[in-house]
Each structure stands twice: as structure tokens, then as C-alpha cells.
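Before any comments, here is the structure.
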Amino acid sequence: MLGRRAVLISTASTIVFFTAVVVAVALSPGSDIVRERFFSWFHLKQAAPEVADAFLLNIRMFVIAEVFILVLALLIAIVRGIPGPVFFPLRAGAIVFTDVFRGVPLILVLYLIGFGVPGLGLQYFSSRSEVTYGIVALVLVYSAYVAEVYRAGIDSIHESQTAAARSLGLSRWQSLRFVVLPQAVRRVIPPLLNDFIGLQKDTALVSVLGSIEAARAAQIYGAEQFNYASYVVAAALFVLITIPLARFTDHLIERDRRRRAAGTVS
Amino acid sequence: MSDGAEAIRLDAVRKTFGTNEVLRGIDLSVAPEEVICLIGASGSGKSTLLKCVNLLESVDSGRIFVGGEEITAPGVDVNRIRRHIGIVFQAFNLFPHMTVLRNITLAPIRALKLSRTDAERRAVDLLERFGLADRKDEYPDRLSGGQQQRVAIIRALAMEPDIMLLDEVTSALDPELVAEVLNVIRELAERGMTMLIATHEMGFARDIADRVCFLDAGTIAEQGPPEQIFSAPQNPRTRRFLQRIIEAGRL
């Protein structure tokens with residue numbers, strides 16, 4: 001707990017700091033124009049419904065993508081850890097997947113999938129919406145990242161845990177499923193959240209395929225009205241959606257820690 | 001080939017880690033209900049020997065029989081073998097994300113396919129027998145070292161093994177917690193559990209063992225009843241080892 005004195009000091013320093021920032025911005029030469037172009041109350045209000053409406057698409061994209069990412073990435077991480085020479089092709093496949101999709105910029109993957117797959121002229125795959133292609137690209141790229149996060153988590157669980165599980169007669173898969181993975185996943189929740197927030201923001205890039213999500217809607221509004229308050233609205237929406245999730249994750253981690261930690265041995 | 005009356009038999013077992021030959025031809029035969037203590041300096045191969053019997057380590061050569069079946073034969077189902085052999089480790093190795101009860105019931109439910117009710121009844125019975133019933137919903141991190149080690153022993157017992165392997169189970173404990181764990185092992189011995197115990201507790205070994213094996217540099221240098229090993233050791237290496245133990249005040 002912070003002492004009274006510490007609270008006082010931190011409050012005072014926060015006020016001084018933000019006052020300084022506000023004053024600096026207000027005193028800058030273009031201040032009036034910026035205030036009108038970005039923070040006009042009228043435009044903020046007028047742009048909000050359109051941008052918020054488009055933001056629903058962002059939410060839909062990252063929710064759907066995240067579900068697939070969490071599953072596909074876990075699969076890749078597990079496949080990479082399967083021992084034995086027979087499974088070399090699978091392991092190699094997982095490594096190549098990670099290398100490729102972590103290495104290629106997301107925007108290029110978007111172009112390749114979004115314009116390439118329709119070009120193939122396949123009956124089912126080539127006639128999907130641009131949102132679908134966008135989600136596929138996001139899933140591919142983020143699965144590569146998240147697979148590495150999972151792998152780090154799995155590697156961080158001491159092998160004595162596996163030894164204990166195997167010695168009880170559990171199979172390799174059962175040991176992974178019931179002993180290693182639950183601990184590994186708990187341990188990597190913060191970096192998983194990090195990547196999830198990255199994903200939320202990168203849904204804006206799907207606009208290059210032509211779908212009207214929040215950033216594109218803001219751009220359209222800006223172009224029509226000559227006012228960029230719409231960008232501020234979009235930015236605020238992206239921030240707002242991440243904060244509750246971040247706090248919720250903090251809460252989960254703290255609860256888990258408290259439950260397990262050596263508190264009072266009653 | 002193997003004598004059905006033996007619980008465990010090791011034939012010329014060898015194990016090498018890199019250039020380090022840890023086991024150099026171990027021959028050992030354990031009768032049912034026999035309690036054997038393995039003593040010897042750190043690095044003499046006690047732990048490795050236990051891990052080989054549980055197939056947590058593979059042997060380089062030689063053969064191991066458990067209950068008459070060769071477990072080192074190619075193609076044996078290691079999961080099935082391990083269900084009959086309990087092992088307890090120095091560092092407890094409880095699953096920290098599970099309660100005591102879940103730690104104990106996990107393998108009976110998943111490996112033995114017991115119903116949850118049956119597994120829990122079995123677990124609670126064991127917890128009561130060893131005075132830990134009120135701890136069943138705790139997480140391992142909230143237990144003392146001695147309690148954690150007793151839970152680890154119970155977890156192994158819940159599989160109803162024929163044999164228990166104990167790998168220096170008191171070495172990580174504060175001295176005042178050692179007795180509670182040793183008492184559990186003593187009770188197991190009295191109930192006729194076949195046990196291979198690697199230990200540094202010489203007084204305990206003298207007390208509980210039917211036979212003591214002194215391991216030195218990967219071989220069994222001397223074995224015999226505890227009175228003989230501790231009072232009249234024949235091998236000069238045994239004498240030297242025990243001399244050091246006595247000097248350290250551990251016997």
C-alpha cells in the first residue's frame with residue numbers, strides 16, 4: 001500500500017505533468033487549427049455513430065480471428081514439440097509456418113490472400129468476402145506469433161513435472177494435456193494478451209482489401225468533412241476496447257496467484 | 001529366464017550419460033515385501049538406478065524384470081508398467097495448479113479409468129490414513145514440505161502400486177519435518193510394501209531395511225543385512241563411506 005505522503009506526491013506530480021503537456025500543446029502555433037480539426041466537439045459527436053458502427057466490424061474480426069488463433073497456435077506449438085523421427089515432417093511444417101508468417105509483413109499477407117486467393121478461381125475459396133480473407137490473413141500471421149508464446153510457456157515448465165506425470169502412468173499426451181499445458185498457458189497469459197491487443201489494432205489493416213472498418217470509416221468521414229475528429233473517435237474506441245480486457249487479465253492473474261501462493265498455512 | 005518369486009530383478013544393468021558411466025553392471029534381486037535401502041555418496045548412481053526401474057531412464061545394456069516381466073524389452077507399454085510402480089522424488093514434484101485431491105485423483109481417473117467418485121474415495125481414505133484429510137482442498141504451495149512429500153507419497157499410493165521407489169524423499173526437508181515422512185514409509189514397510197529406497201538417512205536405513213546396498217561408482221560394492229553393513233562392513237570402500245558419515249554426525 002502507498003502511504004498518505006506517497007499518494008499526495010504522486011497526485012501532485014501527475015497534475016503538474018499533465019498541466020505542462022496541455023499548456024505546451026495549447027501554446028503551440030498551430031494549436032487553434034489542431035483543436036478545430038481534431039477535437040471539434042461538433043465533429044466528434046457527428047463522426048461517432050458512423051465510426052462506432054464500423055468498429056463493430058473490427059470487433060467481429062478480432063473475436064473470430066482470436067478464437068482460431070488460440071487453437072491453431074496451440075496446435076502448432078504442440079506439433080513442434082512431438083518427439084521422434086517419424087514426426088519430423090510435421091515438426092518441420094510447424095517451423096516453416098512460423099518462420100514464414102512471422103517473417104512476412106501482415107499487409108503483404110493481406111494482399112497475397114485477399115487478391116491472390118480470389119484470383120485462383122476456385123469454386124468455394126475464391127468467392128469469399130474480403131472480411132473473410134482479412135480474418136484468414138490475421139489468423140495466419142498471429143498464429144505464428146502466438147505459437148511461439150505457447151512454446152515458450154511449455155518450455156518453461158520444468159521437466160520434473162512431466163517426469164512426475166509419466167511416472168504415474170499417464171501417457172505423453174495426458175501429461176501434456178493435464179499437467180504441462182494448464183501451467184504453461186497460465187504463465188503466458190500476459191504475453192497472449194499483448195498479442196491479442198496487437199491483433200485488435202491490426203484489424204484496421206484489413207481496410208486495404210476494401211472493407212469499411214473503423215479506421216477506414218474515419219478516413220472517409222475526414223475526407224468528406226475536412227475534419228479529422230473521426231480519427232480521434234476511432235483511436236478512442238481502440239483504446240477503450242483494450243482497457244477492460246487488460247484489467248480483467250490482471251485480475252485473473254492476481255486471483256490465480258493468491259489462490260496458489262503460500263499465504264497463511266492455517 | 002526370470003523367477004516369478006522376484007518382485008524386481010536387475011541383470012548387469014549399465015547406463016551412461018555422455019562419457020559418464022553412472023551404472024556399471026548392477027545385479028540386484030528384490031523379493032516381494034522386501035525393503036531395500038540404497039546408500040552411497042551423491043553421484044554413486046542411486047537415483048539413476050531407481051529411474052531405470054521406472055523407465056524414466058532407458059538402460060544402455062542389461063535387463064530389468066518387474067514381477068517376472070522384462071520391462072526393458074522393446075515394445076513394452078511403459079504406461080502400463082509404470083502404473084504398477086510408484087516413485088516419489090526428492091523435490092516432491094506435485095502439480096502446483098491442482099488441489100491436493102486433484103493431484104491424487106488425476107492418474108487414477110485418467111490412467112486407471114476410475115470414476116471420479118471412486119478415485120476421490122480412494123484419495124480421501126489415504127489422506128485420512130496419513131492425517132492429511134483436512135488438507136485435501138489446499139494447493140500444494142500452501143503446505144509444509146513434509147506435508148507436500150506425504151501428499152506425493154499418497155499420490156503414488158493411489159495407483160495401488162506393487163512396488164514403491166523412493167528417491168531421497170527427505171533430502172529437501174527441514175530436519176524437524178523428516179520424521180513425519182519417515183513414519184509414513186515405516187507404515188508402508190509394516191504393511192508389506194516392496195520398496196527400493198535411496199536415502200542418506202542412515203539411522204532410518206538401519207531401522208527399516210531388510211537389506212542395505214552400498215553403491216559406489218556405479219556398482220553395488222557391498223550388500224547385506226543392515227547390522228552387517230553398518231557394524232561390520234567388509235569392503236574398505238564401505239568402511240570409508242560410513243566413516244565419513246559418522247564424522248559428519250549423520251549416524
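Each chain in the C-alpha cells gets a letter, A, B, ..., in the order shown, and its residues are numbered from 1; ligands are numbered from 1 in order too.
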
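Every chain B residue lying within 8 Å of chain A, based on only C-alpha atoms, is listed here: B:Asn54, B:Leu56, B:Val78, B:Asn79, B:Arg80, B:Ile81, B:Arg82, B:Arg83, B:Ile85, B:Gly86, B:Ile87, B:Asn93, B:Leu94, B:Phe95, B:Pro96, B:His97, B:Ala107, B:Arg110, B:Ala111, B:Tyr139, B:Pro140, B:Asp141, B:Arg142, B:Leu143, B:Ser144, B:Ala156, B:Met159.
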
query: Got a sec: who's within 9 Å of Leu157 of chain B, counting only C-alpha atoms, leaving out chain neighbours fewer than 3 positions off, as a ChimeraX atom specification?
result: /B:86,104,126,152-154,160-161,164

List the spatial neighbours of segment 175-181 of chain B as a PDB file with N, CA, C and O atoms, in the first residue's frame - criterion: any atom at most 9 Å away, only C-alpha atoms, same-chain residues fewer than 3 positions off excluded.
ATOM      1  N   SER B 144       3.315 -27.435   4.109  1.00  0.00           N
ATOM      2  CA  SER B 144       4.721 -27.519   4.503  1.00  0.00           C
ATOM      3  C   SER B 144       5.394 -28.591   3.650  1.00  0.00           C
ATOM      4  O   SER B 144       4.737 -29.413   3.010  1.00  0.00           O
ATOM      5  N   GLY B 145       6.735 -28.567   3.646  1.00  0.00           N
ATOM      6  CA  GLY B 145       7.476 -29.549   2.856  1.00  0.00           C
ATOM      7  C   GLY B 145       7.126 -30.979   3.230  1.00  0.00           C
ATOM      8  O   GLY B 145       6.945 -31.840   2.362  1.00  0.00           O
ATOM      9  N   GLY B 146       7.007 -31.226   4.526  1.00  0.00           N
ATOM     10  CA  GLY B 146       6.690 -32.573   4.978  1.00  0.00           C
ATOM     11  C   GLY B 146       5.314 -33.018   4.504  1.00  0.00           C
ATOM     12  O   GLY B 146       5.122 -34.155   4.064  1.00  0.00           O
ATOM     13  N   GLN B 147       4.365 -32.072   4.560  1.00  0.00           N
ATOM     14  CA  GLN B 147       3.012 -32.390   4.081  1.00  0.00           C
ATOM     15  C   GLN B 147       3.020 -32.633   2.582  1.00  0.00           C
ATOM     16  O   GLN B 147       2.376 -33.560   2.088  1.00  0.00           O
ATOM     17  N   GLN B 149       5.443 -33.757   0.780  1.00  0.00           N
ATOM     18  CA  GLN B 149       6.053 -35.038   0.459  1.00  0.00           C
ATOM     19  C   GLN B 149       5.103 -36.189   0.805  1.00  0.00           C
ATOM     20  O   GLN B 149       5.051 -37.186   0.097  1.00  0.00           O
ATOM     21  N   ARG B 150       4.338 -36.026   1.887  1.00  0.00           N
ATOM     22  CA  ARG B 150       3.369 -37.071   2.222  1.00  0.00           C
ATOM     23  C   ARG B 150       2.286 -37.144   1.147  1.00  0.00           C
ATOM     24  O   ARG B 150       1.839 -38.239   0.780  1.00  0.00           O
ATOM     25  N   ILE B 153       3.647 -39.051  -1.711  1.00  0.00           N
ATOM     26  CA  ILE B 153       3.626 -40.496  -1.449  1.00  0.00           C
ATOM     27  C   ILE B 153       2.206 -41.035  -1.643  1.00  0.00           C
ATOM     28  O   ILE B 153       2.000 -42.064  -2.286  1.00  0.00           O
ATOM     29  N   VAL B 169      13.690 -39.047  -0.452  1.00  0.00           N
ATOM     30  CA  VAL B 169      12.463 -38.281  -0.239  1.00  0.00           C
ATOM     31  C   VAL B 169      12.539 -37.313   0.933  1.00  0.00           C
ATOM     32  O   VAL B 169      11.674 -36.444   1.070  1.00  0.00           O
ATOM     33  N   THR B 170      13.543 -37.418   1.766  1.00  0.00           N
ATOM     34  CA  THR B 170      13.632 -36.484   2.896  1.00  0.00           C
ATOM     35  C   THR B 170      14.755 -35.462   2.725  1.00  0.00           C
ATOM     36  O   THR B 170      14.947 -34.606   3.577  1.00  0.00           O
ATOM     37  N   SER B 171      15.478 -35.541   1.604  1.00  0.00           N
ATOM     38  CA  SER B 171      16.668 -34.686   1.462  1.00  0.00           C
ATOM     39  C   SER B 171      16.337 -33.208   1.330  1.00  0.00           C
ATOM     40  O   SER B 171      17.158 -32.355   1.623  1.00  0.00           O
ATOM     41  N   VAL B 184       5.620 -42.381   7.602  1.00  0.00           N
ATOM     42  CA  VAL B 184       4.758 -42.893   6.529  1.00  0.00           C
ATOM     43  C   VAL B 184       5.422 -44.089   5.860  1.00  0.00           C
ATOM     44  O   VAL B 184       4.793 -45.131   5.624  1.00  0.00           O
ATOM     45  N   ILE B 185       6.711 -43.950   5.581  1.00  0.00           N
ATOM     46  CA  ILE B 185       7.430 -45.034   4.901  1.00  0.00           C
ATOM     47  C   ILE B 185       7.485 -46.275   5.799  1.00  0.00           C
ATOM     48  O   ILE B 185       7.327 -47.410   5.344  1.00  0.00           O
ATOM     49  N   ARG B 186       7.665 -46.024   7.083  1.00  0.00           N
ATOM     50  CA  ARG B 186       7.709 -47.133   8.038  1.00  0.00           C
ATOM     51  C   ARG B 186       6.384 -47.903   8.010  1.00  0.00           C
ATOM     52  O   ARG B 186       6.366 -49.127   8.005  1.00  0.00           O
TER      53      ARG B 186
END

- request: Taking the chain letters and numbering used in this document, name the residues of segment 59-186 of chain A that DSSP puts in alpha helix (DSSP H), as number ranges by chain.
  value: A: 59-81, 88-103, 106-119, 130-156, 159-167, 172-175, 181-186

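Atom to atom, atom CA of Thr203 of chain A and atom CA of Gln219 of chain A stand 15.0 Å apart.
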
query: His43 of chain A: which residues within 10 Å, counting only C-alpha atoms, same-chain residues fewer than 4 positions away excluded, as a PyMOL selection string?
result: chain A and resi 36-39+47-48+221-222+225+227-230+233

For the selection you just gave me, I'd like the residues written to a file as a CSV table (one decimal), in the first residue's frame, keeping all heavy atoms.
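Result went into part.csv, see below:
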chain,number,residue,atom,x,y,z
A,36,GLU,N,-9.5,22.6,-33.7
A,36,GLU,CA,-10.7,22.6,-34.6
A,36,GLU,C,-10.7,21.3,-35.5
A,36,GLU,O,-11.8,20.6,-35.6
A,36,GLU,CB,-10.7,23.8,-35.5
A,36,GLU,CG,-11.7,23.8,-36.6
A,36,GLU,CD,-13.2,23.6,-36.0
A,36,GLU,OE1,-13.4,24.0,-34.9
A,36,GLU,OE2,-14.0,23.0,-36.8
A,37,ARG,N,-9.6,20.9,-36.0
A,37,ARG,CA,-9.6,19.8,-36.9
A,37,ARG,C,-9.7,18.4,-36.3
A,37,ARG,O,-10.3,17.5,-36.8
A,37,ARG,CB,-8.3,19.8,-37.7
A,37,ARG,CG,-8.1,20.8,-38.8
A,37,ARG,CD,-8.9,20.5,-40.0
A,37,ARG,NE,-9.4,21.7,-40.8
A,37,ARG,CZ,-8.5,22.4,-41.5
A,37,ARG,NH1,-7.3,22.0,-41.7
A,37,ARG,NH2,-9.0,23.5,-42.1
A,38,PHE,N,-9.2,18.3,-35.0
A,38,PHE,CA,-9.2,17.0,-34.4
A,38,PHE,C,-10.1,16.9,-33.2
A,38,PHE,O,-10.6,15.8,-32.9
A,38,PHE,CB,-7.8,16.7,-33.9
A,38,PHE,CG,-6.8,16.3,-35.0
A,38,PHE,CD1,-6.1,17.2,-35.7
A,38,PHE,CD2,-6.7,14.9,-35.3
A,38,PHE,CE1,-5.3,16.8,-36.7
A,38,PHE,CE2,-5.8,14.5,-36.3
A,38,PHE,CZ,-5.1,15.5,-37.0
A,39,PHE,N,-10.4,18.0,-32.6
A,39,PHE,CA,-11.2,17.9,-31.3
A,39,PHE,C,-12.4,18.8,-31.3
A,39,PHE,O,-13.0,19.0,-30.3
A,39,PHE,CB,-10.3,18.3,-30.1
A,39,PHE,CG,-9.1,17.5,-29.9
A,39,PHE,CD1,-7.9,17.8,-30.4
A,39,PHE,CD2,-9.3,16.2,-29.3
A,39,PHE,CE1,-6.8,17.0,-30.2
A,39,PHE,CE2,-8.2,15.4,-29.2
A,39,PHE,CZ,-6.9,15.8,-29.6
A,47,ALA,N,-19.2,12.3,-36.0
A,47,ALA,CA,-18.5,11.1,-36.6
A,47,ALA,C,-18.7,9.9,-35.7
A,47,ALA,O,-18.6,8.8,-36.3
A,47,ALA,CB,-17.0,11.5,-36.6
A,48,ALA,N,-19.0,10.1,-34.5
A,48,ALA,CA,-19.0,8.9,-33.6
A,48,ALA,C,-19.9,7.8,-34.0
A,48,ALA,O,-19.5,6.6,-34.0
A,48,ALA,CB,-19.4,9.4,-32.1
A,221,TYR,N,-14.9,9.8,-43.4
A,221,TYR,CA,-15.5,11.0,-42.8
A,221,TYR,C,-14.6,12.2,-42.9
A,221,TYR,O,-15.0,13.3,-43.3
A,221,TYR,CB,-15.8,10.7,-41.3
A,221,TYR,CG,-16.4,11.9,-40.6
A,221,TYR,CD1,-17.9,11.9,-40.5
A,221,TYR,CD2,-15.7,12.9,-40.0
A,221,TYR,CE1,-18.5,13.0,-39.9
A,221,TYR,CE2,-16.3,14.0,-39.4
A,221,TYR,CZ,-17.7,14.0,-39.3
A,221,TYR,OH,-18.3,15.1,-38.7
A,222,GLY,N,-13.3,11.9,-42.6
A,222,GLY,CA,-12.3,13.0,-42.7
A,222,GLY,C,-12.3,13.6,-44.1
A,222,GLY,O,-12.2,14.8,-44.3
A,225,GLN,N,-15.6,15.6,-44.8
A,225,GLN,CA,-15.9,16.8,-43.9
A,225,GLN,C,-14.7,17.7,-43.7
A,225,GLN,O,-14.8,18.7,-43.1
A,225,GLN,CB,-16.4,16.3,-42.5
A,225,GLN,CG,-17.6,15.4,-42.6
A,225,GLN,CD,-18.9,16.1,-42.9
A,225,GLN,OE1,-19.0,17.2,-42.5
A,225,GLN,NE2,-19.8,15.4,-43.6
A,227,ASN,N,-12.4,17.2,-41.7
A,227,ASN,CA,-12.2,17.3,-40.3
A,227,ASN,C,-11.8,15.9,-39.8
A,227,ASN,O,-12.4,14.9,-40.2
A,227,ASN,CB,-13.5,17.7,-39.6
A,227,ASN,CG,-13.2,18.0,-38.1
A,227,ASN,OD1,-13.0,17.1,-37.4
A,227,ASN,ND2,-13.2,19.3,-37.8
A,228,TYR,N,-10.8,15.9,-38.9
A,228,TYR,CA,-10.2,14.6,-38.5
A,228,TYR,C,-10.6,14.1,-37.1
A,228,TYR,O,-10.0,13.3,-36.6
A,228,TYR,CB,-8.7,14.7,-38.6
A,228,TYR,CG,-8.2,15.1,-39.9
A,228,TYR,CD1,-7.4,16.2,-40.1
A,228,TYR,CD2,-8.6,14.4,-41.1
A,228,TYR,CE1,-7.0,16.7,-41.4
A,228,TYR,CE2,-8.2,14.8,-42.3
A,228,TYR,CZ,-7.4,16.0,-42.5
A,228,TYR,OH,-7.0,16.4,-43.7
A,229,ALA,N,-11.7,14.8,-36.6
A,229,ALA,CA,-12.2,14.3,-35.3
A,229,ALA,C,-12.5,12.8,-35.3
A,229,ALA,O,-12.4,12.1,-34.3
A,229,ALA,CB,-13.4,15.1,-34.9
A,230,SER,N,-12.9,12.4,-36.6
A,230,SER,CA,-13.2,11.0,-36.7
A,230,SER,C,-12.1,10.0,-36.3
A,230,SER,O,-12.3,9.0,-35.8
A,230,SER,CB,-13.7,10.7,-38.1
A,230,SER,OG,-12.7,11.2,-39.0
A,233,VAL,N,-12.0,9.7,-32.7
A,233,VAL,CA,-13.0,8.8,-32.2
A,233,VAL,C,-12.5,7.4,-32.4
A,233,VAL,O,-12.7,6.5,-31.5
A,233,VAL,CB,-14.3,9.0,-33.0
A,233,VAL,CG1,-15.3,7.9,-32.7
A,233,VAL,CG2,-14.9,10.4,-32.7

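Coordinates place atom CA of Val149 of chain A at a distance of 7.0 Å from atom CA of Pro191 of chain A.
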
message: Residues near segment 58-73 of chain A, anyone? I mean within 10 Å using only C-alpha atoms, not counting same-chain ones fewer than 4 positions away, as a ChimeraX atom specification.
response: /A:52-54,77-79,94,98,131-132,134-151,192,195-204,206-207,212-215,238,241

field: Nearby residues (only C-alpha atoms) at most 12 Å from Glu21 of chain B, same-chain spacing under 4 positions excluded, as a PyMOL selection string
entry: chain B and resi 13-17+25-26+43-45+48+59-61+216-219

Using only C-alpha atoms, which protein or nucleic acid residues come within 9 Å of Val53 of chain B? Drop anything in the same chain fewer than 5 positions from it, and give the result as a PDB file with N, CA, C and O atoms, in the first residue's frame.
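The result, stored in around-v8.pdb:
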ATOM      1  N   ILE B   8      11.526 -57.611  -8.221  1.00  0.00           N
ATOM      2  CA  ILE B   8      12.361 -56.864  -9.174  1.00  0.00           C
ATOM      3  C   ILE B   8      13.659 -57.651  -9.363  1.00  0.00           C
ATOM      4  O   ILE B   8      14.189 -58.221  -8.417  1.00  0.00           O
ATOM      5  N   LEU B  10      17.433 -56.989 -11.495  1.00  0.00           N
ATOM      6  CA  LEU B  10      18.282 -56.281 -12.440  1.00  0.00           C
ATOM      7  C   LEU B  10      19.428 -57.199 -12.836  1.00  0.00           C
ATOM      8  O   LEU B  10      20.068 -57.798 -11.972  1.00  0.00           O
ATOM      9  N   THR B  48      19.674 -42.807 -10.446  1.00  0.00           N
ATOM     10  CA  THR B  48      19.604 -43.342 -11.804  1.00  0.00           C
ATOM     11  C   THR B  48      19.061 -44.761 -11.784  1.00  0.00           C
ATOM     12  O   THR B  48      18.236 -45.133 -12.627  1.00  0.00           O
ATOM     13  N   SER B  58      16.232 -44.903 -19.863  1.00  0.00           N
ATOM     14  CA  SER B  58      16.389 -46.181 -20.541  1.00  0.00           C
ATOM     15  C   SER B  58      17.769 -46.741 -20.189  1.00  0.00           C
ATOM     16  O   SER B  58      18.700 -45.979 -19.952  1.00  0.00           O
ATOM     17  N   ILE B  64      15.958 -55.530 -16.982  1.00  0.00           N
ATOM     18  CA  ILE B  64      15.253 -55.333 -15.722  1.00  0.00           C
ATOM     19  C   ILE B  64      13.924 -56.087 -15.793  1.00  0.00           C
ATOM     20  O   ILE B  64      13.192 -55.977 -16.788  1.00  0.00           O
ATOM     21  N   PHE B  65      13.642 -56.877 -14.749  1.00  0.00           N
ATOM     22  CA  PHE B  65      12.376 -57.609 -14.665  1.00  0.00           C
ATOM     23  C   PHE B  65      11.579 -57.065 -13.493  1.00  0.00           C
ATOM     24  O   PHE B  65      12.126 -56.827 -12.427  1.00  0.00           O
ATOM     25  N   VAL B  66      10.287 -56.860 -13.721  1.00  0.00           N
ATOM     26  CA  VAL B  66       9.400 -56.470 -12.623  1.00  0.00           C
ATOM     27  C   VAL B  66       8.242 -57.463 -12.608  1.00  0.00           C
ATOM     28  O   VAL B  66       7.557 -57.638 -13.625  1.00  0.00           O
ATOM     29  N   ILE B  71      10.835 -55.530 -18.401  1.00  0.00           N
ATOM     30  CA  ILE B  71      10.315 -54.211 -18.769  1.00  0.00           C
ATOM     31  C   ILE B  71      11.256 -53.482 -19.714  1.00  0.00           C
ATOM     32  O   ILE B  71      10.910 -52.461 -20.288  1.00  0.00           O
ATOM     33  N   THR B  72      12.479 -53.994 -19.858  1.00  0.00           N
ATOM     34  CA  THR B  72      13.431 -53.359 -20.776  1.00  0.00           C
ATOM     35  C   THR B  72      13.324 -53.937 -22.178  1.00  0.00           C
ATOM     36  O   THR B  72      14.051 -53.522 -23.068  1.00  0.00           O
ATOM     37  N   ILE B  85       4.285 -49.333 -10.529  1.00  0.00           N
ATOM     38  CA  ILE B  85       5.479 -48.904  -9.800  1.00  0.00           C
ATOM     39  C   ILE B  85       5.307 -47.443  -9.401  1.00  0.00           C
ATOM     40  O   ILE B  85       5.233 -46.565 -10.257  1.00  0.00           O
ATOM     41  N   LEU B 165       9.254 -46.833  -5.240  1.00  0.00           N
ATOM     42  CA  LEU B 165      10.636 -46.384  -5.344  1.00  0.00           C
ATOM     43  C   LEU B 165      10.718 -45.009  -4.692  1.00  0.00           C
ATOM     44  O   LEU B 165       9.960 -44.108  -5.048  1.00  0.00           O
TER      45      LEU B 165
END

- prompt: Hey, can you check how far atom CA of Cys52 of chain B sits from atom CA of Ala73 of chain B?
  reply: 12.8 Å

query: Taking only C-alpha atoms into account, which of B:Leu23, B:Phe230, B:Asp207, B:Asp118 comes nearest Leu49 of chain B?
result: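 Under the stated criterion, the closest residue is B:Leu23.
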
message: From the options B:Leu215, B:Met202, B:Glu138, B:Glu227, which residue's atoms come nearest to Ile246 of chain B, counting only C-alpha atoms?
response: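 Closest candidate: B:Met202.
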
message: Which of segment 115-203 of chain B end up as strand (DSSP E) when DSSP is run on this backbone - answer as a PyMOL selection string?
response: chain B and resi 163-167+194-198
